[in-house]
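Undergrad: Next comes entry05.tsv, TSV, C-alpha atoms:
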```
chain	number	residue	atom	x	y	z
X	1	MET	CA	-17.89	-0.90	-10.04
X	2	ILE	CA	-16.70	2.53	-8.93
X	3	TYR	CA	-14.09	3.85	-11.36
X	4	ARG	CA	-10.59	4.45	-9.96
X	5	PRO	CA	-8.91	6.72	-12.54
X	6	MET	CA	-5.71	7.09	-10.49
X	7	TYR	CA	-4.79	3.55	-11.57
X	8	VAL	CA	-6.91	2.72	-14.61
X	9	ASP	CA	-5.74	5.72	-16.65
X	10	LYS	CA	-2.07	4.99	-15.87
X	11	ILE	CA	-2.41	1.34	-16.89
X	12	MET	CA	-4.47	2.09	-20.02
X	13	ALA	CA	-1.55	4.20	-21.31
X	14	TYR	CA	0.38	0.92	-21.74
X	15	VAL	CA	-2.31	-1.06	-23.63
X	16	ASP	CA	-0.84	-2.82	-26.71
X	17	THR	CA	2.74	-2.12	-25.63
X	18	PRO	CA	5.16	-5.07	-25.28
X	19	PHE	CA	5.36	-4.67	-21.49
X	20	VAL	CA	3.76	-7.11	-19.05
X	21	LYS	CA	1.63	-5.00	-16.70
X	22	ILE	CA	2.02	-6.18	-13.07
X	23	LEU	CA	-0.39	-4.92	-10.38
X	24	THR	CA	0.71	-5.56	-6.79
X	25	GLY	CA	-0.67	-4.64	-3.39
X	26	VAL	CA	-2.21	-5.96	-0.19
X	27	ARG	CA	-5.11	-8.39	-0.51
X	28	ARG	CA	-8.50	-6.82	-1.27
X	29	CYS	CA	-7.09	-3.39	-2.17
X	30	GLY	CA	-8.96	-3.53	-5.49
X	31	LYS	CA	-6.52	-5.11	-7.97
X	32	SER	CA	-9.05	-7.57	-9.43
X	33	THR	CA	-11.66	-4.85	-9.87
X	34	ILE	CA	-9.13	-2.63	-11.65
X	35	LEU	CA	-8.47	-5.53	-14.06
X	36	LYS	CA	-12.22	-5.71	-14.73
X	37	MET	CA	-12.29	-1.97	-15.40
X	38	ILE	CA	-9.49	-2.33	-17.95
X	39	MET	CA	-11.31	-5.25	-19.63
X	40	GLU	CA	-14.44	-3.11	-19.83
X	41	LYS	CA	-12.52	-0.22	-21.37
X	42	LEU	CA	-10.97	-2.53	-23.96
X	43	LYS	CA	-14.45	-3.63	-25.03
X	44	THR	CA	-16.09	-0.21	-25.03
X	45	GLU	CA	-13.25	2.12	-26.07
X	46	ARG	CA	-10.98	-0.15	-28.13
X	47	ASN	CA	-13.70	-2.39	-29.60
X	48	VAL	CA	-11.88	-5.57	-28.56
X	49	PRO	CA	-14.30	-8.53	-28.92
X	50	GLU	CA	-15.00	-10.62	-25.82
X	51	ASN	CA	-13.46	-13.79	-27.28
X	52	ARG	CA	-10.03	-12.09	-27.38
X	53	ILE	CA	-10.14	-11.19	-23.67
X	54	ILE	CA	-9.14	-14.12	-21.43
X	55	SER	CA	-9.45	-13.82	-17.66
X	56	CYS	CA	-8.34	-16.34	-14.98
X	57	ARG	CA	-8.34	-15.98	-11.18
X	58	TYR	CA	-5.74	-18.36	-9.79
X	59	ASP	CA	-6.80	-18.20	-6.13
X	60	SER	CA	-9.97	-20.02	-7.17
X	61	MET	CA	-10.40	-23.70	-6.22
X	62	GLU	CA	-10.58	-24.42	-9.95
X	63	TYR	CA	-6.80	-23.94	-10.19
X	64	GLU	CA	-5.75	-25.31	-6.79
X	65	ASP	CA	-3.45	-28.11	-8.02
X	66	MET	CA	-2.53	-26.59	-11.37
X	67	THR	CA	1.11	-26.81	-12.53
X	68	ALA	CA	2.93	-24.20	-14.60
X	69	LYS	CA	2.82	-26.56	-17.62
X	70	GLN	CA	-0.95	-26.97	-17.29
X	71	MET	CA	-1.35	-23.20	-16.92
X	72	TYR	CA	0.67	-22.63	-20.09
X	73	ALA	CA	-1.21	-25.28	-22.08
X	74	GLN	CA	-4.63	-23.99	-21.00
X	75	LEU	CA	-3.82	-20.36	-21.87
X	76	LYS	CA	-2.12	-21.25	-25.16
X	77	GLU	CA	-5.24	-23.15	-26.23
X	78	GLN	CA	-7.39	-20.02	-25.79
X	79	LEU	CA	-5.20	-17.64	-27.81
X	80	SER	CA	-6.51	-16.13	-31.05
X	81	ASN	CA	-4.80	-17.51	-34.16
X	82	ASN	CA	-4.55	-14.28	-36.11
X	83	GLU	CA	-5.15	-11.34	-33.73
X	84	LYS	CA	-3.86	-10.08	-30.39
X	85	THR	CA	-5.25	-11.79	-27.27
X	86	TYR	CA	-5.57	-9.85	-24.01
X	87	LEU	CA	-4.70	-11.99	-20.97
X	88	PHE	CA	-5.75	-11.01	-17.44
X	89	LEU	CA	-4.16	-13.34	-14.87
X	90	ASP	CA	-5.27	-12.62	-11.31
X	91	GLU	CA	-3.26	-13.74	-8.21
X	92	VAL	CA	-0.73	-15.63	-10.36
X	93	GLN	CA	1.61	-16.19	-7.41
X	94	GLU	CA	-0.59	-19.17	-6.52
X	95	ILE	CA	0.94	-21.13	-9.46
X	96	LYS	CA	4.53	-22.18	-8.88
X	97	GLY	CA	6.64	-21.27	-11.92
X	98	TRP	CA	4.16	-18.71	-13.30
X	99	GLU	CA	7.10	-16.47	-14.28
X	100	LYS	CA	8.18	-18.95	-16.99
X	101	VAL	CA	4.62	-19.18	-18.29
X	102	VAL	CA	4.28	-15.39	-18.56
X	103	ASN	CA	7.70	-15.09	-20.18
X	104	SER	CA	6.88	-17.78	-22.78
X	105	LEU	CA	3.51	-16.26	-23.64
X	106	ALA	CA	4.98	-12.75	-23.93
X	107	SER	CA	7.89	-13.97	-26.10
X	108	ASP	CA	6.12	-16.42	-28.43
X	109	PHE	CA	2.62	-15.05	-29.04
X	110	ASP	CA	0.75	-11.87	-29.93
X	111	VAL	CA	-0.57	-11.13	-26.45
X	112	ASP	CA	-1.09	-8.19	-24.11
X	113	LEU	CA	-0.56	-9.37	-20.54
X	114	TYR	CA	-1.94	-8.02	-17.24
X	115	ILE	CA	-1.21	-9.83	-13.98
X	116	THR	CA	-1.86	-9.24	-10.28
X	117	GLY	CA	-0.38	-10.57	-7.05
X	118	SER	CA	-0.62	-10.02	-3.31
X	119	ASN	CA	2.96	-10.86	-2.41
X	120	SER	CA	6.14	-8.95	-3.22
X	121	ARG	CA	7.68	-12.18	-4.48
X	122	MET	CA	5.92	-10.86	-7.59
X	123	MET	CA	8.76	-8.36	-7.85
X	124	SER	CA	11.54	-10.77	-6.90
X	125	SER	CA	14.76	-11.54	-8.72
X	126	GLU	CA	13.00	-14.39	-10.54
X	127	ILE	CA	10.83	-11.92	-12.44
X	128	SER	CA	13.85	-9.78	-13.22
X	129	THR	CA	15.55	-12.86	-14.67
X	130	TYR	CA	12.65	-13.82	-16.93
X	131	LEU	CA	11.20	-10.43	-17.79
X	132	THR	CA	14.21	-8.08	-17.73
X	133	GLY	CA	13.12	-4.69	-19.05
X	134	ARG	CA	9.79	-6.09	-20.23
X	135	TYR	CA	7.45	-5.37	-17.36
X	136	ILE	CA	5.95	-2.32	-15.69
X	137	SER	CA	4.72	-2.55	-12.13
X	138	PHE	CA	1.83	-0.61	-10.61
X	139	ARG	CA	1.47	-0.50	-6.84
X	140	ILE	CA	-2.21	-0.49	-5.88
X	141	PHE	CA	-3.21	0.93	-2.50
X	142	THR	CA	-6.45	0.89	-0.54
X	143	LEU	CA	-8.76	3.88	-1.13
X	144	SER	CA	-7.28	7.34	-0.81
X	145	PHE	CA	-9.33	9.90	1.13
X	146	GLY	CA	-10.59	11.30	-2.19
X	147	GLU	CA	-11.60	7.83	-3.38
X	148	TYR	CA	-13.26	7.08	-0.02
X	149	LEU	CA	-15.47	10.17	-0.48
X	150	MET	CA	-16.31	9.07	-4.03
X	151	PHE	CA	-17.32	5.59	-2.80
X	152	LYS	CA	-19.33	6.91	0.15
X	153	GLU	CA	-21.40	9.41	-1.85
X	154	LYS	CA	-22.86	6.47	-3.81
X	155	TYR	CA	-24.80	5.32	-0.72
X	156	ALA	CA	-24.80	8.17	1.83
X	157	ALA	CA	-24.73	11.95	2.18
X	158	ILE	CA	-21.23	13.35	2.56
X	159	SER	CA	-20.47	15.63	5.52
X	160	ASN	CA	-17.76	18.27	5.22
X	161	SER	CA	-14.31	16.87	4.48
X	162	LYS	CA	-12.99	17.53	7.99
X	163	THR	CA	-15.77	15.46	9.59
X	164	GLU	CA	-15.35	12.74	6.97
X	165	LEU	CA	-11.63	12.55	7.79
X	166	GLU	CA	-12.60	11.32	11.28
X	167	ASN	CA	-14.57	8.46	9.68
X	168	TYR	CA	-11.74	7.69	7.25
X	169	VAL	CA	-9.26	7.45	10.15
X	170	ARG	CA	-11.58	5.11	12.02
X	171	PHE	CA	-12.67	2.89	9.11
X	172	GLY	CA	-9.74	2.98	6.68
X	173	GLY	CA	-9.91	2.47	2.94
X	174	PHE	CA	-10.45	-1.17	2.00
X	175	PRO	CA	-12.90	-0.89	-0.94
X	176	ALA	CA	-15.06	-3.78	0.32
X	177	THR	CA	-15.92	-1.82	3.49
X	178	HIS	CA	-17.28	1.18	1.57
X	179	LEU	CA	-19.68	-0.40	-0.90
X	180	GLN	CA	-22.64	0.22	1.42
X	181	ALA	CA	-23.36	1.58	4.90
X	182	TYR	CA	-21.75	-0.86	7.34
X	183	SER	CA	-21.51	-0.51	11.11
X	184	GLN	CA	-18.12	-0.22	12.79
X	185	ASP	CA	-18.29	-3.86	13.93
X	186	GLU	CA	-19.13	-5.03	10.42
X	187	ILE	CA	-16.23	-3.06	8.92
X	188	TYR	CA	-13.73	-4.44	11.43
X	189	THR	CA	-15.04	-7.98	10.81
X	190	ILE	CA	-14.41	-7.57	7.06
X	191	VAL	CA	-10.93	-6.13	7.68
X	192	SER	CA	-10.15	-8.82	10.25
X	193	ASP	CA	-10.97	-11.47	7.63
X	194	ILE	CA	-8.62	-9.76	5.15
X	195	TYR	CA	-5.89	-9.66	7.80
X	196	ASN	CA	-6.36	-13.33	8.78
X	197	SER	CA	-6.38	-14.58	5.19
X	198	THR	CA	-3.22	-12.56	4.46
X	199	ILE	CA	-1.44	-13.88	7.56
X	200	PHE	CA	-2.44	-17.47	6.79
X	201	SER	CA	-2.09	-17.59	2.99
X	202	ASP	CA	0.76	-15.15	2.30
X	203	ILE	CA	2.88	-15.68	5.41
X	204	VAL	CA	2.13	-18.83	7.45
X	205	LYS	CA	1.32	-21.19	4.57
X	206	ARG	CA	3.79	-19.79	2.03
X	207	ASN	CA	6.71	-19.66	4.48
X	208	GLN	CA	5.70	-22.68	6.59
X	209	VAL	CA	5.72	-20.60	9.77
X	210	ARG	CA	5.17	-22.93	12.71
X	211	LYS	CA	5.18	-20.55	15.68
X	212	ILE	CA	2.15	-18.46	14.75
X	213	ASP	CA	1.88	-17.02	18.27
X	214	GLN	CA	5.37	-15.49	17.88
X	215	LEU	CA	4.42	-13.94	14.55
X	216	GLU	CA	1.26	-12.47	16.07
X	217	ARG	CA	3.22	-10.90	18.93
X	218	VAL	CA	5.51	-9.18	16.42
X	219	VAL	CA	2.43	-8.00	14.48
X	220	LYS	CA	0.83	-6.56	17.62
X	221	TYR	CA	4.04	-4.75	18.57
X	222	THR	CA	4.39	-3.14	15.13
X	223	PHE	CA	0.68	-2.26	14.96
X	224	ASN	CA	0.94	-0.67	18.41
X	225	ASN	CA	4.02	1.33	17.42
X	226	VAL	CA	3.00	2.82	14.08
X	227	GLY	CA	4.97	6.03	13.55
X	228	ASN	CA	7.57	5.20	16.23
X	229	THR	CA	11.15	4.40	15.34
X	230	PHE	CA	12.22	0.93	16.45
X	231	SER	CA	14.38	-1.99	15.39
X	232	ALA	CA	14.20	-5.79	15.48
X	233	LYS	CA	16.23	-5.55	18.69
X	234	SER	CA	13.60	-3.23	20.25
X	235	ILE	CA	10.94	-5.89	19.62
X	236	SER	CA	13.18	-8.70	20.82
X	237	ASP	CA	13.98	-6.80	24.06
X	238	TYR	CA	10.29	-6.03	24.61
X	239	LEU	CA	9.30	-9.68	24.17
X	240	LYS	CA	12.06	-10.75	26.56
X	241	SER	CA	10.63	-8.37	29.17
X	242	GLU	CA	7.32	-10.18	28.61
X	243	ARG	CA	9.17	-13.50	29.12
X	244	ARG	CA	8.76	-14.39	25.44
X	245	SER	CA	12.22	-15.00	24.10
X	246	LEU	CA	12.69	-14.25	20.39
X	247	ASP	CA	16.05	-13.44	18.80
X	248	ASN	CA	16.68	-10.41	16.57
X	249	GLU	CA	17.10	-12.50	13.44
X	250	THR	CA	13.69	-14.18	13.83
X	251	VAL	CA	12.00	-10.82	14.50
X	252	SER	CA	13.70	-9.35	11.42
X	253	SER	CA	12.55	-12.32	9.35
X	254	TYR	CA	8.92	-11.84	10.50
X	255	LEU	CA	9.04	-8.12	9.65
X	256	LYS	CA	10.28	-8.93	6.13
X	257	LYS	CA	7.47	-11.46	5.65
X	258	LEU	CA	4.89	-8.87	6.75
X	259	GLU	CA	6.40	-6.43	4.24
X	260	LYS	CA	6.31	-9.01	1.45
X	261	ALA	CA	2.62	-9.56	2.10
X	262	TYR	CA	2.21	-5.75	1.83
X	263	LEU	CA	0.76	-5.49	5.36
X	264	LEU	CA	3.68	-3.28	6.44
X	265	HIS	CA	5.63	-0.48	4.73
X	266	ARG	CA	9.18	0.13	5.94
X	267	CYS	CA	10.11	3.82	6.12
X	268	SER	CA	13.85	4.37	6.54
X	269	ARG	CA	15.49	7.38	8.17
X	270	TYR	CA	17.40	9.80	5.96
X	271	ASP	CA	20.20	11.89	7.44
X	272	LEU	CA	19.57	15.39	6.06
X	273	GLN	CA	23.10	16.51	6.93
X	274	GLY	CA	25.05	13.42	5.86
X	275	LYS	CA	22.74	12.83	2.86
X	276	GLU	CA	22.50	9.09	3.48
X	277	ILE	CA	19.93	6.45	4.37
X	278	LEU	CA	20.37	5.19	7.94
X	279	LYS	CA	19.96	1.47	8.55
X	280	THR	CA	18.80	1.61	12.16
X	281	GLN	CA	15.65	2.68	13.98
X	282	GLU	CA	13.22	2.65	11.04
X	283	LYS	CA	9.49	3.31	11.13
X	284	PHE	CA	6.77	1.00	9.88
X	285	TYR	CA	3.38	2.01	8.53
X	286	LEU	CA	0.36	-0.19	7.82
X	287	ALA	CA	-1.20	-0.91	4.43
X	288	ASP	CA	-4.40	0.55	5.90
X	289	VAL	CA	-5.18	2.07	9.29
X	290	ALA	CA	-8.25	-0.17	9.70
X	291	LEU	CA	-5.91	-3.16	10.06
X	292	ARG	CA	-4.71	-1.77	13.37
X	293	TYR	CA	-8.20	-1.30	14.77
X	294	SER	CA	-9.48	-4.67	13.54
X	295	VAL	CA	-6.61	-6.41	15.38
X	296	LEU	CA	-6.19	-4.22	18.47
X	297	GLY	CA	-9.59	-2.50	18.75
X	298	TYR	CA	-10.26	1.21	18.21
X	299	ASN	CA	-8.41	3.57	20.55
X	300	ALA	CA	-8.73	7.37	20.30
X	301	ASP	CA	-5.17	7.75	21.64
X	302	SER	CA	-3.81	6.18	18.46
X	303	VAL	CA	-5.43	8.73	16.11
X	304	ALA	CA	-2.28	10.91	15.87
X	305	SER	CA	-0.16	8.04	14.55
X	306	SER	CA	-2.98	6.88	12.27
X	307	LEU	CA	-3.08	10.37	10.71
X	308	GLU	CA	0.66	10.08	10.11
X	309	ASN	CA	0.09	6.66	8.51
X	310	ILE	CA	-2.60	8.12	6.21
X	311	VAL	CA	-0.33	10.98	5.05
X	312	TYR	CA	2.51	8.50	4.43
X	313	LEU	CA	0.27	6.32	2.21
X	314	GLU	CA	-1.01	9.36	0.29
X	315	LEU	CA	2.57	10.41	-0.53
X	316	CYS	CA	3.33	6.85	-1.70
X	317	ARG	CA	0.16	6.79	-3.85
X	318	ARG	CA	1.35	9.92	-5.59
X	319	GLY	CA	4.63	8.31	-6.54
X	320	TYR	CA	6.93	9.77	-3.89
X	321	THR	CA	9.75	7.84	-2.25
X	322	VAL	CA	9.24	8.63	1.43
X	323	ASN	CA	11.77	8.67	4.27
X	324	VAL	CA	11.85	10.01	7.82
X	325	GLY	CA	14.20	13.02	7.88
X	326	LYS	CA	16.85	13.05	10.62
X	327	THR	CA	18.02	16.51	11.65
X	328	GLY	CA	20.72	17.30	14.20
X	329	ASP	CA	18.66	16.55	17.31
X	330	GLY	CA	15.21	15.75	15.94
X	331	GLU	CA	13.32	14.51	12.93
X	332	ILE	CA	11.04	15.61	10.11
X	333	ASP	CA	8.11	13.21	9.75
X	334	PHE	CA	8.49	12.85	5.97
X	335	VAL	CA	10.99	13.79	3.31
X	336	ALA	CA	9.25	12.86	0.06
X	337	VAL	CA	11.09	12.78	-3.28
X	338	ARG	CA	9.66	12.27	-6.77
X	339	GLN	CA	12.15	12.72	-9.63
X	340	ASN	CA	13.30	16.35	-9.28
X	341	GLU	CA	10.62	17.27	-6.75
X	342	LYS	CA	10.91	17.19	-2.98
X	343	ILE	CA	8.59	18.14	-0.13
X	344	TYR	CA	8.99	18.15	3.65
X	345	VAL	CA	5.98	17.28	5.81
X	346	GLN	CA	5.30	17.50	9.54
X	347	VAL	CA	2.09	15.86	10.81
X	348	THR	CA	0.64	16.82	14.18
X	349	GLN	CA	-2.90	16.12	15.39
X	350	GLU	CA	-3.20	19.44	17.21
X	351	ILE	CA	-0.95	22.37	18.04
X	352	ARG	CA	-2.04	22.94	21.62
X	353	SER	CA	0.83	25.08	22.84
X	354	GLU	CA	3.52	27.49	21.69
X	355	LYS	CA	6.06	24.81	22.55
X	356	THR	CA	4.46	22.31	20.13
X	357	GLU	CA	4.17	25.00	17.44
X	358	LYS	CA	7.83	25.99	17.88
X	359	ARG	CA	8.95	22.34	17.67
X	360	GLU	CA	7.00	21.62	14.47
X	361	TYR	CA	8.10	24.79	12.65
X	362	ASP	CA	11.68	25.07	13.95
X	363	ARG	CA	12.67	21.69	12.55
X	364	LEU	CA	11.52	22.73	9.10
X	365	LEU	CA	13.17	26.16	9.41
X	366	GLU	CA	16.50	24.38	9.99
X	367	ILE	CA	16.34	23.16	6.37
X	368	HIS	CA	17.74	25.82	4.09
X	369	ASP	CA	16.46	24.96	0.65
X	370	ASN	CA	13.56	26.15	-1.48
X	371	TYR	CA	11.50	22.95	-1.58
X	372	PRO	CA	7.90	23.16	-0.25
X	373	LYS	CA	7.44	22.59	3.47
X	374	TYR	CA	4.16	21.70	5.19
X	375	VAL	CA	2.83	21.46	8.73
X	376	LEU	CA	-0.38	19.38	8.68
X	377	THR	CA	-2.87	19.40	11.53
X	378	THR	CA	-6.54	18.75	12.33
X	379	ASP	CA	-6.99	22.24	13.81
X	380	GLU	CA	-10.29	23.59	12.45
X	381	PHE	CA	-8.76	26.89	11.32
X	382	ALA	CA	-5.45	25.52	10.03
X	383	GLY	CA	-4.12	27.57	7.14
X	384	GLY	CA	-1.68	30.26	6.09
X	385	ASN	CA	2.09	30.55	5.92
X	386	TYR	CA	4.71	30.86	8.62
X	387	GLU	CA	8.08	32.02	7.23
X	388	GLY	CA	7.40	30.14	4.00
X	389	ILE	CA	6.05	26.99	5.69
X	390	LYS	CA	2.50	26.19	4.62
X	391	THR	CA	0.01	25.14	7.32
X	392	MET	CA	-2.88	22.97	6.11
X	393	HIS	CA	-5.68	20.89	7.54
X	394	ILE	CA	-4.85	17.22	6.87
X	395	ALA	CA	-8.15	16.75	4.98
X	396	ASP	CA	-7.26	19.63	2.64
X	397	PHE	CA	-3.77	18.26	2.07
X	398	LEU	CA	-5.12	14.79	1.20
X	399	LEU	CA	-7.47	16.31	-1.40
X	400	SER	CA	-4.99	18.88	-2.74
X	401	THR	CA	-3.53	18.74	-6.26
X	402	GLU	CA	-0.63	21.09	-5.50
X	403	TYR	CA	1.98	18.42	-4.70
```
Show me the file's structure as structure tokens.
TA:
Amino acid sequence: MIYRPMYVDKIMAYVDTPFVKILTGVRRCGKSTILKMIMEKLKTERNVPENRIISCRYDSMEYEDMTAKQMYAQLKEQLSNNEKTYLFLDEVQEIKGWEKVVNSLASDFDVDLYITGSNSRMMSSEISTYLTGRYISFRIFTLSFGEYLMFKEKYAAISNSKTELENYVRFGGFPATHLQAYSQDEIYTIVSDIYNSTIFSDIVKRNQVRKIDQLERVVKYTFNNVGNTFSAKSISDYLKSERRSLDNETVSSYLKKLEKAYLLHRCSRYDLQGKEILKTQEKFYLADVALRYSVLGYNADSVASSLENIVYLELCRRGYTVNVGKTGDGEIDFVAVRQNEKIYVQVTQEIRSEKTEKREYDRLLEIHDNYPKYVLTTDEFAGGNYEGIKTMHIADFLLSTEY
């Protein structure tokens, strides 16, 4: 196991508190391994004996037809009579009514609970009803660029960070693809399997979707248009032009299902003048850039939007709420807010002309506040300041601790 302190340290801060710890994120982003890391730390650092650590993985065949009552009875039977028991329940969304089980265990016994799930139903109103004020959620993402380098150096020599960024864009950050040296085809096969199991288990099966071909067309449109603003109507109109009729409501429903399975992230537009979130023409980003290439094949022309996707995910990992900033006649790629902090970010693959440079900087210069502003690029010699706007290579930004 390769340690992921970004998550483990945060979660360990809540050991032995009355909160249920909920880890959510796309399938195979590393949630189960993080649970194992916490179990290991409990044994080695807190001296918790093995018999007081109970672990169950509910996507296993062993639990396929289990009811909530059976789940409760089985867990209750394993609890310690006179000391705290640590319960690690993996992929609990597979058991209908798990919320009641978790609530009962947390209320009636001396337990410390950790649970994971790959569907945002984990954070639905049902949890709020049963666990009001008694849970803390941790969003787990695929490997950051820094984590990718840490994984890779276990089995291969690391090039300079700028060269490695090219590999990271191409291969993404699913942990399973960076445990050893895989070829591009092998990586995309692994990611394709993750994608297919997510589509089937978390969308088709769970929602009883019958027209899978329609769903896949919506997926391909969104994957093709990462970083572009569009709406359900845009997709519907496009499909009509392809003689595939699909109404706005159905498209919207598919997009929500893809979000709930954590395959897509919705990024709303924020009007910087009116100070309000706009409800039209949003952007969508993928849980990992490798998903796009495993479904559509690798295409060098899509690198610019993949870089944007990577920066978006890094801001989310660091706890920012991220929106697209709408200015008078243009947009800022990202307006990222975290408590009292705010940063503005423009992402451009290359600044090839004065016109491009003027466009990227002028939009940021229109904003008259003192929050940090960045233009990120893959230009080899990117660096310096332009009227207070910091220019950075994307690789340096991803590894930076300054924001």
Undergrad: Please provide the set of residues having any atom within 6 Å of Phe334 of chain X, restricted to only C-alpha atoms, with same-chain residues fewer than 6 positions apart removed, written as a list in words.
TA: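 Residues near the query, excluding close chain neighbours: Asn323, Val324, Tyr344 and Val345 of chain X.
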Undergrad: When distances are computed from only C-alpha atoms, which of X:Ser192, X:Asp65, X:Ile2, X:Ala232 shows the smallest separation from Glu153 of chain X?
TA: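 Smallest separation from Glu153 of chain X among the options: X:Ile2.
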Undergrad: If I put a ball of radius 12 Å at (7.0, -7.1, 4.5) in the file's coordinates, which residues poke into it when counting all atoms listed in the file, written as a PDB file with C-alpha atoms, in the coordinates of the input?
TA:
```pdb
ATOM      1  CA  GLY X  25      -0.670  -4.640  -3.390  1.00  0.00           C
ATOM      2  CA  VAL X  26      -2.210  -5.960  -0.190  1.00  0.00           C
ATOM      3  CA  SER X 118      -0.620 -10.020  -3.310  1.00  0.00           C
ATOM      4  CA  ASN X 119       2.960 -10.860  -2.410  1.00  0.00           C
ATOM      5  CA  SER X 120       6.140  -8.950  -3.220  1.00  0.00           C
ATOM      6  CA  ARG X 121       7.680 -12.180  -4.480  1.00  0.00           C
ATOM      7  CA  THR X 198      -3.220 -12.560   4.460  1.00  0.00           C
ATOM      8  CA  ILE X 199      -1.440 -13.880   7.560  1.00  0.00           C
ATOM      9  CA  ASP X 202       0.760 -15.150   2.300  1.00  0.00           C
ATOM     10  CA  ILE X 203       2.880 -15.680   5.410  1.00  0.00           C
ATOM     11  CA  VAL X 219       2.430  -8.000  14.480  1.00  0.00           C
ATOM     12  CA  THR X 222       4.390  -3.140  15.130  1.00  0.00           C
ATOM     13  CA  VAL X 251      12.000 -10.820  14.500  1.00  0.00           C
ATOM     14  CA  SER X 252      13.700  -9.350  11.420  1.00  0.00           C
ATOM     15  CA  SER X 253      12.550 -12.320   9.350  1.00  0.00           C
ATOM     16  CA  TYR X 254       8.920 -11.840  10.500  1.00  0.00           C
ATOM     17  CA  LEU X 255       9.040  -8.120   9.650  1.00  0.00           C
ATOM     18  CA  LYS X 256      10.280  -8.930   6.130  1.00  0.00           C
ATOM     19  CA  LYS X 257       7.470 -11.460   5.650  1.00  0.00           C
ATOM     20  CA  LEU X 258       4.890  -8.870   6.750  1.00  0.00           C
ATOM     21  CA  GLU X 259       6.400  -6.430   4.240  1.00  0.00           C
ATOM     22  CA  LYS X 260       6.310  -9.010   1.450  1.00  0.00           C
ATOM     23  CA  ALA X 261       2.620  -9.560   2.100  1.00  0.00           C
ATOM     24  CA  TYR X 262       2.210  -5.750   1.830  1.00  0.00           C
ATOM     25  CA  LEU X 263       0.760  -5.490   5.360  1.00  0.00           C
ATOM     26  CA  LEU X 264       3.680  -3.280   6.440  1.00  0.00           C
ATOM     27  CA  HIS X 265       5.630  -0.480   4.730  1.00  0.00           C
ATOM     28  CA  ARG X 266       9.180   0.130   5.940  1.00  0.00           C
ATOM     29  CA  CYS X 267      10.110   3.820   6.120  1.00  0.00           C
ATOM     30  CA  PHE X 284       6.770   1.000   9.880  1.00  0.00           C
ATOM     31  CA  TYR X 285       3.380   2.010   8.530  1.00  0.00           C
ATOM     32  CA  LEU X 286       0.360  -0.190   7.820  1.00  0.00           C
ATOM     33  CA  ALA X 287      -1.200  -0.910   4.430  1.00  0.00           C
TER      34      ALA X 287
END
```
Undergrad: To one decimal in Å, tell me the separation between atom CA of Ala300 of chain X and atom CA of Gln349 of chain X.
TA: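 Going from atom CA of Ala300 of chain X over to atom CA of Gln349 of chain X, I get 11.6 Å.
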Undergrad: Check the smallest atom-to-atom distance from each of X:Ala304, X:Asn225, X:Ala395, X:Ser104 to Phe381 of chain X using only C-alpha atoms, then report the winner.
TA: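 The closest residue to Phe381 of chain X is X:Ala395.
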Undergrad: Could you please determine the separation between atom CA of Arg318 of chain X and atom CA of Arg28 of chain X in Å, to one decimal place?
TA: 19.9 Å
Undergrad: With all atoms listed in the file as the basis for distance, which of X:Val295, X:Met66, X:Met6, X:Leu89 is at the shortest distance from Gly146 of chain X?
TA: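 Of X:Val295, X:Met66, X:Met6, X:Leu89, the one nearest Gly146 of chain X, counting all atoms listed in the file, is X:Met6.
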Undergrad: So that I can check the surroundings of Leu79 of chain X, please list as a VMD selection string every protein, DNA and RNA residue that reaches within 12 Å of it, counting all atoms listed in the file and ignoring chain neighbours fewer than 5 positions away.
TA: chain X and resid 51 to 55 72 to 74 84 to 87 105 to 106 108 to 113
Undergrad: Residues of the last selection are to be written out with C-alpha atoms, as a PDB file, keeping the file's coordinate frame.
TA:
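Writing done, so here's out02.pdb:
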```pdb
ATOM      1  CA  ASN X  51     -13.460 -13.790 -27.280  1.00  0.00           C
ATOM      2  CA  ARG X  52     -10.030 -12.090 -27.380  1.00  0.00           C
ATOM      3  CA  ILE X  53     -10.140 -11.190 -23.670  1.00  0.00           C
ATOM      4  CA  ILE X  54      -9.140 -14.120 -21.430  1.00  0.00           C
ATOM      5  CA  SER X  55      -9.450 -13.820 -17.660  1.00  0.00           C
ATOM      6  CA  TYR X  72       0.670 -22.630 -20.090  1.00  0.00           C
ATOM      7  CA  ALA X  73      -1.210 -25.280 -22.080  1.00  0.00           C
ATOM      8  CA  GLN X  74      -4.630 -23.990 -21.000  1.00  0.00           C
ATOM      9  CA  LYS X  84      -3.860 -10.080 -30.390  1.00  0.00           C
ATOM     10  CA  THR X  85      -5.250 -11.790 -27.270  1.00  0.00           C
ATOM     11  CA  TYR X  86      -5.570  -9.850 -24.010  1.00  0.00           C
ATOM     12  CA  LEU X  87      -4.700 -11.990 -20.970  1.00  0.00           C
ATOM     13  CA  LEU X 105       3.510 -16.260 -23.640  1.00  0.00           C
ATOM     14  CA  ALA X 106       4.980 -12.750 -23.930  1.00  0.00           C
ATOM     15  CA  ASP X 108       6.120 -16.420 -28.430  1.00  0.00           C
ATOM     16  CA  PHE X 109       2.620 -15.050 -29.040  1.00  0.00           C
ATOM     17  CA  ASP X 110       0.750 -11.870 -29.930  1.00  0.00           C
ATOM     18  CA  VAL X 111      -0.570 -11.130 -26.450  1.00  0.00           C
ATOM     19  CA  ASP X 112      -1.090  -8.190 -24.110  1.00  0.00           C
ATOM     20  CA  LEU X 113      -0.560  -9.370 -20.540  1.00  0.00           C
TER      21      LEU X 113
END
```
Undergrad: Can you tell me, as a ChimeraX atom specification, which residues sit within 12 Å of (-16.0, -2.2, 2.7) in the file's frame, using all atoms listed in the file?
TA: /X:28-30,142-143,148,151-152,168,171-194,290
